[in-house]
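First comes the structure, then the notes that go with it.
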Amino acid sequence: MKRTVQRVARWALILALGLAGTLAATEVRIFQQQSRSDFADGELDGLAIGVDGSLRRAAHFERLAEIEEPFVFAAAKSGTGWVLATGNSGRVIEVSASGASDVLWTAPEPEIFALFRDHDGTVYAGSSPDGKVYALRGGGGEEIFDPQETYIWAITRAPWGDLLVATGDEGKLYAIGRGGESRLLYASDEPHFRSLHALEDRVLVGTSGEGLILSVDEQGVVRTLHDADAPEVVAFATGENGDWYAAVVASEAGLASSSRSANGNGNGNGNNKQDEDEGESVQVSVEAASQPETPPKGEARSVIVRGRGGAVEEIERLTDETVYSLAWVEGRLWVGTGVEGKVYSRHDDGLALETTVADRQVIGVFGGTPPSLVTTNAAAVHRVAPDAEVAGSYASKPLDARSVARFGTLRWVGTAGDEAALRYAFRTGSSSKPDQTWSAWTEGASGREVSLAEVPSGRYLQWRLDVAPEAGADTRVSAVEISYRQSNRPPTITALAALPPGQVLVPASFNPGDQTYEPAHPNRDGIFTRLEPSVRSSNGRLKTLWRRGYLTLRWEAGDPNEDQLEFALHFRRDGSEGEWLPLADELEETHYGFDATVLPDGIYRIRLTASDAPANPADDVARVERVSPPIVVDHSPPSLGTASAGLVEIVDELSPIRGAEVSIDAAEWVPAVAKDGLLDGRTETVIVESPPEAELVLLRVMDAAFNTTTFEISGDSR
């Protein structure tokens with residue numbers, strides 16, 4: 001019953017959030033966070049994100065040991081402790097279950113990128129850049145193999161008993177027998193074999209270059225299982241029922257320079273089985289001083305694939321994290337990432353964020369009791385603390401109201417043993433990242449609804465959840481909504497103009513054959529007639545038609561709050577200081593056509609008023625006005641001026657002459673030629689030539705307002 005009530009409450013919230021999106025812009029809006037992707041951009045401390053997307057208590061990893069080395073490049077589980085391979089001092093360090101650390105051995109070479117602990121406790125280390133393999137027994141290191149390669153990237157024990165060694169700058173796989181004899185098992189065109197993973201009857205090899213996953217058996221028979229889009233296969237893990245997993249990353253580190261500089265990079269591999277005696281080891285690629293190169297927008301930084309039977313399929317894409325390690329822990333796949341030290345676990349229906357460690361890169365994840373992590377930048381071992389009932393916190397990413405806003409109420413859905421142990425605090429600012437210009441955090445407040453009335457207005461809001469231990473281990477915050485209302489800002493008008501005389505706008509779908517476009521007669525409040533279509537455009541597209549005597553205004557307007565706008569039009573004669581007279585109001589479209597024949601000839605100005613009244617209370621409505629350029633209203637045709645010797649003068653009071661044609665004795669119309677070669681003035685002289693015997697000479701003229709008239713030219717004027 002309790003779960004049913006919680007589910008109903010959550011769906012009620014989701015429905016409310018969906019309905020909120022239909023409200024007008026400066027009415028109440030809602031910030032909502034209710035999924036893993038919503039919460040993942042925040043800062044977690046002692047909290048995790050469950051596979052269902054809810055905030056919950058995290059497995060509390062405590063820093064057990066800090067390693068005084070620049071970098072840890074590889075790690076292996078050793079009984080109840082760990083063995084770590086480092087650079088740039090080439091040391092192998094042993095860390096006990098109590099956190100004490102001792103240097104087990106120091107290599108002649110500066111970096112150790114490969115580390116493997118065998119069943120009998122022997123630790124094998126691969127050094128670079130003068131690649132050699134050493135066996136560490138009884139506190140010393142013995143060189144057992146020199147392949148004459150630059151890098152040793154990975155070491156593992158094959159199911160048929162050989163010790164396998166993966167190398168670069170030439171991607172080769174070597175096998176070392178129990179008696180110490182070595183052989184080249186496989187040579188590739190790939191520059192690096194970066195990772196190894198032993199299955200029951202074969203070994204998986206991950207390459208760097210083309211991002212290939214290869215299968216190699218005892219006879220050296222090689223098959224390509226997967227050709228990834230990304231270039232580097234960095235980690236493997238084995239799951240249940242024979243499934244295996246691999247992580248492929250999109251950015252290759254500078255491999256050739258890694259052994260000679262602090263910006264070293266190692267291999268990524270996880271032969272991670274829960275039995276600590278099985279030789280659990282991890283080798284990873286680490287970019288020591290900088291973040292991995294960001295892939296192009298829309299592409300994944302890391303991809304996780306699963307091998308099941310004979311098929312390999314992509315199961316996860318991570319766009320913001322680079323995967324450094326994989327492990328099968330407590331019945332699910334764990335994923336260690338950088339650059340923010342996030343650790344995920346994968347369930348059947350998605351990823352859960354288990355924890356975030358302050359160190360940049362999680363190069364190793366290990367099962368056992370309890371589970372543990374190894375990090376680099378800074379180098380440390382982390383272990384789950386026995387008591388998970390500790391305080392935790394979550395700080396959201398800055399939420400952008402897109403304008404200065406007032407904030408209303410936070411509401412949350414979830415469960416807690418003691419709801420008073422969940423306290424919410426807030427701060428606001430005008431910069432996208434919190435800085436000293438932001439307000440201070442408010443004092444934390446609890447409750448299912450938390451008022452933000454005392455929070456200062458701002459464009460950006462950040463909220464923080466603090467969870468005290470008494471909240472209970474089953475604490476879940478599934479969804480959070482925060483209401484806000486933008487401070488109202490006035491609309492903007494970016495354009496206002498009149499179309500050519502006689503043009504009207506109709507929906508693009510308007511068809512005169514089966515639709516009508518009738519005049520809407522003026523009511524008692526006005527004198528203007530407009531056209532009303534019998535159908536409305538469904539997509540907002542328009543086209544132009546022509547109707548004599550009509551004038552159409554068109555404008556562009558917007559609102560920074562995205563409020564619904566309405567418009568009003570007023571007019572007066574150009575140069576007048578009198579009142580603006582009403583033309584139309586409560587308009588929703590951004591154009592208006594009307595019958596201008598009711599206006600006397602003259603030059604007018606139109607004032608457009610844009611208002612956000614539909615979206616705001618009366619005391620908070622914002623308006624803006626814009627006055628058009630001069631608009632000519634001209635219903636009168638040109639008149640005839642002087643005429644003599646084949647030259648005829650035409651005069652128009654308001655509009656330039658646009659056309660003149662001559663017909664002689666009812667023959668077809670032919671263009672009349674302007675004396676100055678161009679019909680473009682309000683006074684023009686045209687040449688009218690006709691034979692003396694012509695009975696009827698007609699001159700038809702038209703002005704820019706499409707007013708047309710015809711004159712008979714008498715014989716005296718020809």
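Note on naming: chains are A, B, ... as they come in the structure tokens, residues start from 1 per chain, ligands start from 1 in the order shown.
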Determine which residues of region 329-404 of chain A DSSP labels as strand (DSSP E or B) from the backbone of this structure, then write them out as an NGL selection string.
:A and (329 or 332-338 or 342-347 or 350-356 or 361-366 or 372-376 or 380-384 or 392-395 or 399-404)
Give me the residues near Gly90 (chain A) as a PDB file with C-alpha atoms, in the first residue's frame, where near means some atom within 8 Å (using only C-alpha atoms) and where sequence neighbours in that chain fewer than 6 positions away do not count.
```pdb
ATOM      1  CA  THR A 106      61.672  -0.566  -7.756  1.00  0.00           C
ATOM      2  CA  ALA A 107      62.179  -1.180 -11.476  1.00  0.00           C
ATOM      3  CA  PRO A 108      65.153   0.092 -13.470  1.00  0.00           C
ATOM      4  CA  GLU A 109      62.639   1.728 -15.838  1.00  0.00           C
ATOM      5  CA  PRO A 110      60.555   4.787 -14.882  1.00  0.00           C
ATOM      6  CA  GLU A 111      57.036   3.445 -15.583  1.00  0.00           C
ATOM      7  CA  ILE A 112      55.163   0.268 -14.861  1.00  0.00           C
ATOM      8  CA  SER A 127      58.048  -1.848 -17.401  1.00  0.00           C
TER       9      SER A 127
END
```
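Proximity to region 328-337 of chain A at 7 Å, evaluated using only C-alpha atoms and with sequence-adjacent residues fewer than 4 positions away removed, yields Ala237, Thr238, Gly239, Asn272, Lys273, Gln274, Glu321, Thr322, Val323, Tyr324, Gly341, Lys342, Val343, Tyr344, Ser345, Arg346, His347, Gln361, Val362, Ile363, Gly364, Val365 and Gly367 of chain A.
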Find the residue from A:His192, A:Arg223, A:Arg423, A:Arg623 that sits nearest to Pro490 (chain A); use only C-alpha atoms when measuring.
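Smallest separation from Pro490 (chain A) among the options: A:Arg623.
CA of Ile93 (chain A) is positioned 24.6 Å from CA of Pro147 (chain A).
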Show me, as a tab-separated table (two decimals) with C-alpha atoms, in the first residue's frame, the residues that have an atom within 9 Å of region 205-221 of chain A when counting only C-alpha atoms, minus same-chain residues fewer than 2 positions from it.
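Dumped to part-v8.tsv:
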```tsv
chain	number	residue	atom	x	y	z
A	158	ALA	CA	46.00	-17.75	-20.18
A	159	PRO	CA	43.51	-20.56	-19.42
A	160	TRP	CA	45.99	-23.06	-20.96
A	162	ASP	CA	50.98	-19.58	-20.44
A	166	ALA	CA	50.80	-7.51	-24.68
A	171	GLY	CA	51.01	-4.69	-31.26
A	173	LEU	CA	51.11	-10.92	-28.06
A	184	LEU	CA	55.32	-14.88	-30.36
A	185	LEU	CA	51.68	-15.91	-30.32
A	186	TYR	CA	50.33	-13.17	-32.62
A	190	GLU	CA	47.80	-2.42	-34.71
A	191	PRO	CA	50.36	-0.16	-32.95
A	192	HIS	CA	49.40	-1.31	-29.45
A	193	PHE	CA	47.82	-4.26	-27.71
A	194	ARG	CA	46.43	-2.31	-24.77
A	195	SER	CA	44.41	-4.78	-22.70
A	196	LEU	CA	44.10	-8.51	-22.00
A	197	HIS	CA	41.38	-10.59	-20.40
A	198	ALA	CA	41.31	-14.34	-19.83
A	201	ASP	CA	39.05	-21.19	-23.18
A	202	ARG	CA	40.57	-18.12	-24.81
A	203	VAL	CA	41.94	-14.65	-24.21
A	223	ARG	CA	39.31	-13.82	-34.61
A	224	THR	CA	38.06	-10.24	-34.58
A	225	LEU	CA	35.00	-10.13	-32.32
A	226	HIS	CA	34.28	-6.42	-32.58
A	227	ASP	CA	35.51	-3.40	-34.51
A	228	ALA	CA	34.60	-0.37	-32.40
A	229	ASP	CA	33.99	3.16	-33.65
A	230	ALA	CA	36.33	4.48	-30.93
A	231	PRO	CA	40.07	3.80	-31.15
A	232	GLU	CA	41.08	2.27	-27.81
A	233	VAL	CA	39.84	-0.75	-25.84
A	234	VAL	CA	40.85	-0.02	-22.26
A	235	ALA	CA	39.11	-2.47	-19.91
A	236	PHE	CA	37.45	-5.89	-19.67
A	246	ALA	CA	34.63	-4.21	-22.65
A	248	VAL	CA	36.16	1.51	-25.54
A	249	VAL	CA	37.20	5.15	-25.30
A	252	GLU	CA	43.78	8.11	-27.45
A	268	GLY	CA	43.26	-0.37	-19.38
A	269	ASN	CA	42.41	-3.87	-18.33
```
Go through A:Glu556, A:Glu566, A:Glu314, A:Asp634 and flag the residue nearest Leu599 (chain A), using only C-alpha atoms for the distances.
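So, comparing all the options, the nearest one is A:Asp634.
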Distance of CA of Arg448 (chain A) from CA of Glu419 (chain A), expressed in Å to one decimal place
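Interatomic distance, CA of Glu419 (chain A) to CA of Arg448 (chain A): 8.0 Å.
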Got a sec to tell me which of region 413-572 of chain A DSSP assigns to helix (DSSP H, G or I), as a PDB file with C-alpha atoms, in the first residue's frame?
```pdb
ATOM      1  CA  GLU A 419      11.707  13.793   6.628  1.00  0.00           C
ATOM      2  CA  ALA A 420      13.042  16.479   8.966  1.00  0.00           C
ATOM      3  CA  ALA A 421      16.501  15.010   8.354  1.00  0.00           C
ATOM      4  CA  PRO A 469      22.139  10.080   9.201  1.00  0.00           C
ATOM      5  CA  GLU A 470      18.764   9.809  10.938  1.00  0.00           C
ATOM      6  CA  ALA A 471      16.994  10.101   7.564  1.00  0.00           C
TER       7      ALA A 471
END
```
Counting only C-alpha atoms, the option among A:Gln32, A:Thr122, A:Ser655, A:Gln503 closest to Arg137 (chain A)
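So, comparing all the options, the nearest one is A:Thr122.
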